[in-house]
Amino acid sequence: QLQLVESGGGLVPPGGSLRLPCAASGFTLDHYAKGWLRQAPGKEREGVSCISSSDGNTYYADSVKGRFTISKDNTKNTVYLQMNSRKPEDTAVYYCATVPTCPGQIATMTWAYDHWGQGTQVTVSS
């Protein structure tokens with residue numbers, strides 16, 4: 001059974017670093033491009049970042065560019081989101097998901113993703 005499981009969320013203060021892992025089971029994650037998306041309370045879901053499977057190219061929404069980093073570990077069948085310089089507006093449920101190819105509009109083309117994890121809550125607050 002194909003499954004994606006996110007972890008690593010919680011209540012964290014502004015600034016600093018947090019890494020979210022997303023472990024895949026039942027399939028080889030690197031056969032797909034994969035991304036991180038988030039949904040804040042009362043807001044639409046938005047794409048955060050994507051990493052391609054073929055060449056490892058990475059893509060970011062403007063809201064996180066320079067602060068977040070997506071990476072993968074094929075030996076662990078896991079994709080990560082490194083969140084640096086956290087801001088209160090980063091508060092959201094974070095999801096990982098697979099996609100045939102990273103979308104051209106990272107932030108808005110959330111419909112392109114097919115298999116999703118259940119999400120992990122990240123709350124940035126002092």
# chains A, B, ... in the order shown; residues from 1 in each chain; ligands from 1
>>> residues_around(residues="Asp30 (chain A)", least_positions_apart="2", cutoff="10 Å", atoms="only C-alpha atoms", output="PDB file with C-alpha atoms, in the first residue's frame")
ATOM      1  CA  ALA A  24       7.438   6.731   1.904  1.00  0.00           C
ATOM      2  CA  PHE A  27       6.742   2.378  -3.453  1.00  0.00           C
ATOM      3  CA  THR A  28      10.031   3.981  -4.476  1.00  0.00           C
ATOM      4  CA  TYR A  32       8.349  10.572  -8.690  1.00  0.00           C
ATOM      5  CA  ALA A  33       8.920  14.244  -8.252  1.00  0.00           C
ATOM      6  CA  LYS A  34       7.787  15.192  -4.751  1.00  0.00           C
ATOM      7  CA  ILE A  51      12.268  18.399  -6.057  1.00  0.00           C
ATOM      8  CA  SER A  52      12.468  16.526  -9.330  1.00  0.00           C
ATOM      9  CA  SER A  53      13.433  12.869  -9.543  1.00  0.00           C
ATOM     10  CA  SER A  54      15.446  13.003 -12.753  1.00  0.00           C
ATOM     11  CA  GLY A  56      17.302  16.714  -8.391  1.00  0.00           C
ATOM     12  CA  LYS A  72      15.869  13.710  -0.425  1.00  0.00           C
ATOM     13  CA  ASP A  73      17.594  10.600   0.874  1.00  0.00           C
ATOM     14  CA  ASN A  74      16.934   7.756  -1.523  1.00  0.00           C
ATOM     15  CA  THR A  75      18.495   5.209   0.843  1.00  0.00           C
ATOM     16  CA  ASN A  77      13.028   6.624   0.820  1.00  0.00           C
ATOM     17  CA  THR A  78      12.470   9.988   2.477  1.00  0.00           C
ATOM     18  CA  VAL A  79      12.102  13.616   1.452  1.00  0.00           C
ATOM     19  CA  THR A  98       4.087  13.092  -5.158  1.00  0.00           C
TER      20      THR A  98
END
>>> residues_around(residues="Ala40 (chain A)", least_positions_apart="3", cutoff="12 Å", atoms="only C-alpha atoms", output="PyMOL selection string")
chain A and resi 37+43-47+88-95+119-124
>>> residues_around(residues="Pro103 (chain A)", least_positions_apart="3", cutoff="10 Å", atoms="only C-alpha atoms", output="list in words")
Ala33, Gly35, Gly47, Ser49, Cys50, Ser52, Tyr59, Val99, Pro100, Ile106, Ala107, Thr108, Met109, Thr110, Trp111, Ala112 and Tyr113 of chain A
>>> closest_atom_pairs(of="region 51-91 of chain A", to="region 2-22 of chain A", cutoff="8 Å", atoms="only C-alpha atoms", output="CSV")
residue,atom,partner,partner_atom,distance
A:Thr78,CA,A:Cys22,CA,5.4
A:Val79,CA,A:Cys22,CA,5.2
A:Tyr80,CA,A:Pro21,CA,4.5
A:Leu81,CA,A:Leu20,CA,5.0
A:Gln82,CA,A:Arg19,CA,4.4
A:Met83,CA,A:Leu18,CA,5.1
A:Asn84,CA,A:Ser17,CA,4.4
A:Ser85,CA,A:Gly15,CA,4.2
A:Arg86,CA,A:Gly15,CA,4.5
A:Lys87,CA,A:Pro14,CA,5.2
A:Pro88,CA,A:Pro14,CA,6.4
>>> write_last_selection(atoms="C-alpha atoms", output="PDB file, in the first residue's frame")
ATOM      1  CA  THR A  78      12.470   9.988   2.477  1.00  0.00           C
ATOM      2  CA  VAL A  79      12.102  13.616   1.452  1.00  0.00           C
ATOM      3  CA  TYR A  80      12.846  16.461   3.860  1.00  0.00           C
ATOM      4  CA  LEU A  81      11.897  20.084   4.308  1.00  0.00           C
ATOM      5  CA  GLN A  82      14.440  22.152   6.226  1.00  0.00           C
ATOM      6  CA  MET A  83      12.764  25.250   7.619  1.00  0.00           C
ATOM      7  CA  ASN A  84      15.130  28.039   8.658  1.00  0.00           C
ATOM      8  CA  SER A  85      14.331  31.522   9.926  1.00  0.00           C
ATOM      9  CA  ARG A  86      10.801  30.500  10.843  1.00  0.00           C
ATOM     10  CA  LYS A  87       8.094  33.159  10.868  1.00  0.00           C
ATOM     11  CA  PRO A  88       4.631  33.124  12.469  1.00  0.00           C
TER      12      PRO A  88
END
>>> closest_residue(among="A:Cys102, A:Leu29, A:Cys96, A:Val48", to="Ala61 (chain A)", atoms="only C-alpha atoms")
A:Val48
>>> atom_distance(atom1="CA of Gln39 (chain A)", atom2="CA of Asp55 (chain A)")
27.8 Å
>>> select_by_dssp(residues="chain A", states="strand (DSSP E or B)", output="PyMOL selection string")
chain A and resi 3-6+10-12+17-25+33-39+46-51+58-60+68-73+78-84+92-99+116+120-124
>>> atom_distance(atom1="CA of Gln118 (chain A)", atom2="CA of Gly66 (chain A)")
26.2 Å
>>> select_by_dssp(residues="chain A", states="helix (DSSP H, G or I)", output="PyMOL selection string")
chain A and resi 29-31+88-90+110-112
